[in-house]
$ cat structure-v8.cif   # mmCIF, C-alpha atoms
data_entry
#
loop_
_atom_site.label_atom_id
_atom_site.label_comp_id
_atom_site.auth_asym_id
_atom_site.auth_seq_id
_atom_site.Cartn_x
_atom_site.Cartn_y
_atom_site.Cartn_z
CA MET A 1035 -32.47 74.34 19.71
CA ALA A 1036 -32.15 72.84 16.22
CA LEU A 1037 -28.41 73.50 16.37
CA LYS A 1038 -28.11 71.63 19.67
CA LYS A 1039 -30.02 68.69 18.22
CA GLY A 1040 -27.63 68.56 15.28
CA LEU A 1041 -24.69 68.61 17.65
CA MET A 1042 -26.12 65.72 19.66
CA ILE A 1043 -26.53 63.67 16.47
CA LEU A 1044 -22.95 64.46 15.46
CA ILE A 1045 -21.63 63.38 18.86
CA ALA A 1046 -23.69 60.19 18.72
CA ILE A 1047 -22.33 59.33 15.27
CA ALA A 1048 -18.78 60.09 16.43
CA LEU A 1049 -19.19 57.82 19.45
CA ILE A 1050 -20.66 54.95 17.42
CA LEU A 1051 -17.89 55.13 14.84
CA ALA A 1052 -15.19 55.41 17.48
CA ILE A 1053 -16.49 52.34 19.34
CA THR A 1054 -16.75 50.41 16.06
CA ALA A 1055 -13.19 51.32 15.08
CA VAL A 1056 -11.77 50.30 18.48
CA SER A 1057 -13.75 47.04 18.46
CA LEU A 1058 -12.50 46.13 14.98
CA LYS A 1059 -8.92 46.85 16.03
CA LEU A 1060 -9.27 44.58 19.05
CA VAL A 1061 -10.89 41.75 17.09
CA ASP A 1062 -8.33 41.89 14.29
CA SER A 1063 -5.75 39.19 15.07
CA ASN A 1064 -2.13 39.70 14.23
CA GLU A 1065 -1.12 36.19 15.30
CA VAL A 1066 -0.36 33.83 12.45
CA PRO A 1067 0.38 30.19 13.29
CA THR A 1068 3.81 29.64 11.89
CA SER A 1069 4.86 26.12 12.64
CA ILE A 1070 3.75 22.59 13.31
CA GLU A 1071 5.84 20.40 15.51
CA GLY A 1072 7.58 17.57 13.69
CA ASP A 1073 7.77 13.95 14.75
CA GLN A 1074 11.01 12.18 15.29
CA SER A 1075 9.58 8.81 14.39
CA ASN A 1076 6.34 7.15 13.50
CA SER A 1077 5.07 3.63 13.16
CA GLY A 1078 2.25 1.66 11.65
CA SER A 1079 1.24 -1.97 11.78
CA GLY A 1080 -0.33 -4.63 9.60
CA LYS A 1081 -1.63 -8.14 10.23
CA VAL A 1082 -0.96 -11.52 8.65
CA GLY A 1083 -3.58 -14.16 9.36
CA VAL A 1084 -3.88 -17.82 8.44
CA THR A 1085 -5.98 -20.70 9.68
CA ILE A 1086 -4.40 -24.15 9.50
CA LEU A 1087 -6.57 -27.26 9.37
CA PRO A 1088 -5.31 -30.82 9.77
CA PRO A 1089 -4.16 -32.30 6.47
CA ASN A 1090 -6.60 -34.62 4.70
CA VAL A 1091 -5.73 -38.21 5.63
CA GLU A 1092 -6.31 -41.01 3.14
CA ASP A 1093 -8.72 -43.51 4.61
CA LYS A 1094 -7.26 -46.73 3.17
CA LEU A 1095 -9.41 -48.91 5.42
CA ALA A 1096 -12.57 -47.37 4.02
CA ASP A 1097 -11.25 -47.71 0.46
CA ASN A 1098 -10.52 -51.39 1.03
CA TYR A 1099 -13.95 -51.90 2.51
CA VAL A 1100 -15.58 -50.22 -0.50
CA GLY A 1101 -13.40 -52.32 -2.83
CA ASP A 1102 -14.33 -55.60 -1.12
CA SER A 1103 -18.04 -54.96 -1.06
CA PRO A 1104 -20.19 -56.86 -3.58
CA MET B 398 -11.91 84.60 16.26
CA LYS B 399 -13.72 83.07 19.12
CA PHE B 400 -15.13 79.56 19.29
CA SER B 401 -18.09 78.69 21.37
CA LYS B 402 -18.30 75.51 23.41
CA GLU B 403 -20.71 74.06 20.85
CA ASP B 404 -18.28 74.80 18.00
CA MET B 405 -15.41 73.08 19.79
CA THR B 406 -17.56 70.03 20.48
CA SER B 407 -18.60 69.91 16.84
CA TYR B 408 -15.00 70.06 15.60
CA VAL B 409 -13.91 67.33 17.99
CA ALA B 410 -16.86 65.16 16.94
CA ILE B 411 -16.01 65.65 13.25
CA LEU B 412 -12.36 64.77 13.95
CA VAL B 413 -13.40 61.62 15.76
CA ILE B 414 -15.66 60.69 12.85
CA VAL B 415 -12.87 61.20 10.29
CA VAL B 416 -10.31 59.21 12.31
CA SER B 417 -12.82 56.40 12.97
CA ILE B 418 -13.81 56.14 9.31
CA ALA B 419 -10.13 56.03 8.29
CA SER B 420 -9.44 53.31 10.89
CA ILE B 421 -12.45 51.21 9.84
CA GLY B 422 -11.48 51.60 6.19
CA MET B 423 -7.95 50.35 6.89
CA THR B 424 -9.31 47.36 8.79
CA PHE B 425 -11.52 46.23 5.90
CA THR B 426 -9.27 47.05 2.93
CA GLY B 427 -5.89 46.39 4.47
CA TYR B 428 -4.61 49.56 2.89
CA ALA B 429 -3.45 52.54 4.85
CA ALA B 430 -5.01 55.73 3.58
CA ILE B 431 -2.29 58.01 4.79
CA SER B 432 0.89 56.05 5.26
CA SER B 433 2.10 52.57 4.40
CA LYS B 434 3.71 50.04 6.70
CA GLU B 435 5.56 46.88 5.93
CA ALA B 436 5.00 43.62 7.69
CA VAL B 437 6.95 40.40 7.61
CA VAL B 438 5.25 37.03 8.01
CA ASN B 439 7.60 34.21 8.90
CA VAL B 440 6.37 30.71 8.14
CA THR B 441 8.40 27.70 9.19
CA VAL B 442 7.34 24.32 7.84
CA GLU B 443 8.86 21.71 10.11
CA THR B 444 9.64 18.18 9.09
CA SER B 445 7.07 15.55 9.89
CA ALA B 446 7.73 11.83 9.65
CA ALA B 447 4.65 9.67 9.23
CA ILE B 448 3.93 6.31 7.63
CA ASN B 449 0.71 4.49 6.92
CA PHE B 450 -0.20 0.95 5.90
CA THR B 451 -2.57 1.55 2.97
CA VAL B 452 -3.12 -2.24 2.84
CA ALA B 453 -2.83 -3.48 6.39
CA LEU B 454 -4.21 -7.03 6.28
CA VAL B 455 -3.00 -10.18 4.61
CA ASP B 456 -5.51 -12.95 5.24
CA PHE B 457 -4.73 -16.29 3.65
CA GLY B 458 -7.97 -17.76 4.95
CA THR B 459 -8.49 -21.38 5.94
CA GLY B 460 -6.85 -24.44 4.47
CA SER B 461 -4.58 -27.42 4.81
CA VAL B 462 -1.47 -29.04 3.41
CA ASN B 463 -2.14 -31.45 0.57
CA MET B 464 -2.18 -35.14 1.33
CA ASP B 465 1.26 -36.84 1.31
CA GLU B 466 3.10 -33.45 1.18
CA THR B 467 5.58 -32.27 3.81
CA GLY B 468 4.33 -28.68 3.69
CA ALA B 469 2.58 -25.96 1.70
CA THR B 470 3.79 -22.56 0.55
CA LEU B 471 1.51 -19.53 0.70
CA GLU B 472 2.56 -16.30 -0.98
CA THR B 473 0.70 -13.03 -1.47
CA GLY B 474 -0.63 -12.67 -5.01
CA GLU B 475 0.07 -16.34 -5.80
CA THR B 476 -1.85 -19.60 -5.78
CA PRO B 477 -0.97 -21.80 -2.78
CA LEU B 478 1.64 -24.44 -3.56
CA LEU B 479 1.06 -28.01 -2.29
CA GLY B 480 -1.82 -26.81 -0.18
CA SER B 481 -5.33 -25.59 -0.48
CA TRP B 482 -6.35 -22.28 1.14
CA THR B 483 -9.43 -20.12 0.67
CA ASN B 484 -7.80 -16.72 -0.06
CA GLU B 485 -5.10 -15.34 -2.35
CA PRO B 486 -4.48 -11.98 -0.66
CA ALA B 487 -2.50 -9.03 -2.03
CA ALA B 488 0.69 -7.76 -0.41
CA LEU B 489 0.81 -5.27 2.43
CA SER B 490 1.31 -1.69 1.17
CA LEU B 491 3.02 1.06 3.07
CA GLU B 492 3.30 4.78 2.26
CA ASN B 493 5.50 7.55 3.59
CA ILE B 494 2.91 10.25 4.25
CA GLY B 495 5.33 12.69 5.92
CA ASN B 496 7.46 15.35 4.30
CA VAL B 497 10.88 13.90 4.94
CA ASP B 498 12.85 10.83 3.85
CA ILE B 499 12.88 8.16 6.54
CA THR B 500 14.82 5.07 7.46
CA LEU B 501 12.30 2.24 7.57
CA LYS B 502 12.50 -0.82 9.81
CA LEU B 503 10.22 -3.82 9.90
CA TYR B 504 9.60 -6.47 12.50
CA ALA B 505 6.98 -9.03 13.51
CA ASN B 506 5.70 -9.95 16.95
CA ALA B 507 6.75 -13.55 16.31
CA ALA B 508 9.22 -15.29 14.04
CA ALA B 509 8.30 -18.41 12.02
CA ALA B 510 8.75 -21.04 14.74
CA ALA B 511 6.59 -19.19 17.26
CA TYR B 512 4.03 -18.11 14.66
CA LEU B 513 3.48 -21.38 12.77
CA GLY B 514 5.28 -24.14 14.65
CA GLY B 515 6.21 -27.51 13.15
CA THR B 516 9.36 -28.51 11.28
CA ASP B 517 11.26 -25.72 9.50
CA PRO B 518 8.42 -23.25 8.97
CA LEU B 519 9.02 -20.01 7.07
CA PHE B 520 7.61 -16.53 7.70
CA GLN B 521 9.22 -14.13 5.24
CA TYR B 522 8.82 -10.77 3.52
CA ASN B 523 10.01 -9.27 0.27
CA VAL B 524 10.01 -5.49 -0.15
CA ILE B 525 9.48 -4.07 -3.63
CA ASN B 526 8.65 -0.61 -4.92
CA LYS B 527 4.95 -0.25 -5.65
CA THR B 528 3.97 0.11 -9.31
CA SER B 529 4.70 3.67 -10.57
CA ASN B 530 6.82 4.31 -7.46
CA ASP B 531 10.25 3.47 -8.86
CA ASN B 532 13.17 4.21 -6.53
CA ALA B 533 10.87 4.72 -3.53
CA CYS B 534 12.89 2.40 -1.32
CA GLN B 535 16.66 2.50 -1.46
CA GLY B 536 18.11 -0.81 -0.36
CA ALA B 537 15.01 -2.92 -0.95
CA ALA B 538 16.37 -6.43 -0.88
CA GLY B 539 14.13 -7.76 -3.66
CA ALA B 540 14.56 -11.17 -2.03
CA TRP B 541 12.81 -13.15 0.66
CA VAL B 542 13.98 -12.34 4.16
CA ASN B 543 12.97 -14.03 7.42
CA PHE B 544 10.93 -11.88 9.77
CA ALA B 545 12.74 -10.92 12.93
CA THR B 546 11.22 -9.65 16.14
CA THR B 547 11.97 -6.22 17.62
CA PRO B 548 14.05 -4.12 16.94
CA GLY B 549 13.64 -5.48 13.43
CA ALA B 550 15.61 -5.10 10.26
CA GLU B 551 16.26 -2.01 8.18
CA ILE B 552 14.45 -2.36 4.87
CA CYS B 553 14.72 1.10 3.27
CA ASP B 554 17.32 3.78 3.76
CA PRO B 555 15.71 5.97 2.83
CA LEU B 556 12.05 5.57 1.93
CA SER B 557 11.35 8.69 -0.09
CA TRP B 558 8.60 11.15 0.84
CA GLU B 559 7.99 12.42 -2.71
CA ASP B 560 4.47 11.65 -3.81
CA THR B 561 5.46 9.81 -6.99
CA LYS B 562 7.81 7.47 -5.16
CA ASP B 563 6.74 6.99 -1.57
CA GLU B 564 4.94 3.62 -1.58
CA ILE B 565 6.19 0.07 -1.24
CA ASP B 566 4.64 -3.38 -1.29
CA ILE B 567 5.61 -5.96 1.31
CA ASP B 568 4.97 -9.44 -0.04
CA ILE B 569 4.49 -12.18 2.54
CA LYS B 570 5.44 -15.83 2.24
CA LEU B 571 4.57 -18.66 4.62
CA TYR B 572 5.84 -22.21 4.50
CA ILE B 573 3.46 -24.29 6.57
CA PRO B 574 4.88 -27.71 7.43
CA VAL B 575 2.48 -30.61 7.68
CA ASP B 576 3.14 -30.80 11.43
CA ALA B 577 2.43 -27.07 12.04
CA ALA B 578 0.18 -26.26 14.95
CA ILE B 579 -3.49 -26.42 13.98
CA GLY B 580 -5.63 -23.31 14.44
CA THR B 581 -5.99 -19.64 13.56
CA LYS B 582 -2.80 -17.64 13.74
CA THR B 583 -2.30 -13.89 13.51
CA ALA B 584 0.99 -12.06 13.38
CA THR B 585 1.42 -8.31 13.77
CA ILE B 586 3.86 -6.62 11.43
CA THR B 587 5.21 -3.29 12.67
CA ALA B 588 7.01 -0.73 10.55
CA THR B 589 8.92 2.14 12.14
CA GLY B 590 10.25 5.20 10.36
CA GLU B 591 12.96 7.45 11.68
CA TYR B 592 14.68 10.54 10.40
CA THR B 593 17.55 12.57 11.67
CA GLU B 594 17.38 16.35 11.69
#
$ encode --input "structure-v8.cif" --output "structure tokens"
Amino acid sequence: MALKKGLMILIAIALILAITAVSLKLVDSNEVPTSIEGDQSNSGSGKVGVTILPPNVEDKLADNYVGDSP
Amino acid sequence: MKFSKEDMTSYVAILVIVVSIASIGMTFTGYAAISSKEAVVNVTVETSAAINFTVALVDFGTGSVNMDETGATLETGETPLLGSWTNEPAALSLENIGNVDITLKLYANAAAAAYLGGTDPLFQYNVINKTSNDNACQGAAGAWVNFATTPGAEICDPLSWEDTKDEIDIDIKLYIPVDAAIGTKTATITATGEYTE
């Protein structure tokens, strides 16, 4: 009886190890990514901004008025 | 010599255990316990062309032409001439971030007349190698050139990909005539890089 029990344990261990070995083989990937596709061309863009106000105009009328005032 | 059924089962179980342990050991260590095998890994690094504006905005701000002047000149990195504007922006900067030399072209969405208006406006660029990037751009004019619209003008042939010489500055100059259209104006500058395999 003790001999049969030992045999059962041996078979159980053998089964567990066999399943583990097969699982590891299946999980282990042999595929290595080997290349990345290249671009033929590429572009980028920038911005140039400016805000234009009307030029300052000399107010000669106002100057004359200030000059003539007492 | 006679084997019982139990003996045979035991031997088979032991064999399975030995083979499984050897297989698991090879998986974890990468070494074959009994025999060696050779493997070849082929890696192909393909060319990739890519560019990036590391400084993508030139904003001169708000301002006007000085009184009694026919126009003002704005230039990146310089004080406005005959005009008064709020900003003194730095040049645009562009880098080749790919792994291959490229032919670089530049164009704007509008040339000077459409962008600024008025009498004889100017919208120009000047390409120079960025500091510590000598010889990055072969054929850099080093002079002011009028912006053209698409397909643009070739400015570097090639622009190098090597890290120590893959960046250029694009200075911008505007001449704003006194009769230029009033308002906020934005131009888009597009750079395209091409390589031939």
$ resolve_selection --input "structure-v8.cif" --expression "the PyMOL selection byres ((chain B) within 6 of (chain A))" --output "ChimeraX atom specification"
/B:410,413-414,417,420-421,440-447,449,453-462,464,579-591
$ closest_residue --input "structure-v8.cif" --among "B:Cys553, B:Leu478, B:Ala538, B:Leu571" --to "Ala508 in chain B" --atoms "only C-alpha atoms"
B:Leu571
$ residues_near_point --input "structure-v8.cif" --point "(13.0, -8.4, 17.4)" --cutoff "10 Å" --atoms "all atoms listed in the file" --output "VMD selection string"
chain B and resid 503 to 508 544 to 550
$ atom_distance --input "structure-v8.cif" --atom1 "CA of Val497 in chain B" --atom2 "CA of Glu559 in chain B"
8.3 Å
$ residues_around --input "structure-v8.cif" --residues "Pro574 in chain B" --least-positions-apart "3" --cutoff "10 Å" --atoms "all atoms listed in the file" --output "number ranges by chain"
B: 461-462, 466-470, 513-519, 571, 577-578
$ residues_around --input "structure-v8.cif" --residues "Ala537 in chain B" --least-positions-apart "4" --cutoff "7 Å" --atoms "all atoms listed in the file" --output "VMD selection string"
chain B and resid 524 to 525 552 to 553
$ write_last_selection --input "structure-v8.cif" --atoms "C-alpha atoms" --output "PDB file, in the frame of the given file"
ATOM      1  CA  VAL B 524      10.010  -5.490  -0.150  1.00  0.00           C
ATOM      2  CA  ILE B 525       9.480  -4.070  -3.630  1.00  0.00           C
ATOM      3  CA  ILE B 552      14.450  -2.360   4.870  1.00  0.00           C
ATOM      4  CA  CYS B 553      14.720   1.100   3.270  1.00  0.00           C
TER       5      CYS B 553
END
$ residues_around --input "structure-v8.cif" --residues "Asp560 in chain B" --least-positions-apart "4" --cutoff "9 Å" --atoms "only C-alpha atoms" --output "JSON, numbers by chain"
{"B": [493, 494, 530, 564]}
$ atom_distance --input "structure-v8.cif" --atom1 "CA of Ala533 in chain B" --atom2 "CA of Ile448 in chain B"
13.2 Å
$ resolve_selection --input "structure-v8.cif" --expression "the PyMOL selection byres ((chain B and resi 527) around 10)" --output "NGL selection string"
:B and (490-492 or 524-526 or 528-534 or 562-567)
$ atom_distance --input "structure-v8.cif" --atom1 "CA of Glu403 in chain B" --atom2 "CA of Lys1039 in chain A"
11.1 Å
$ closest_residue --input "structure-v8.cif" --among "B:Leu501, B:Val438, B:Val452, B:Val416" --to "Gly536 in chain B" --atoms "all atoms listed in the file"
B:Leu501
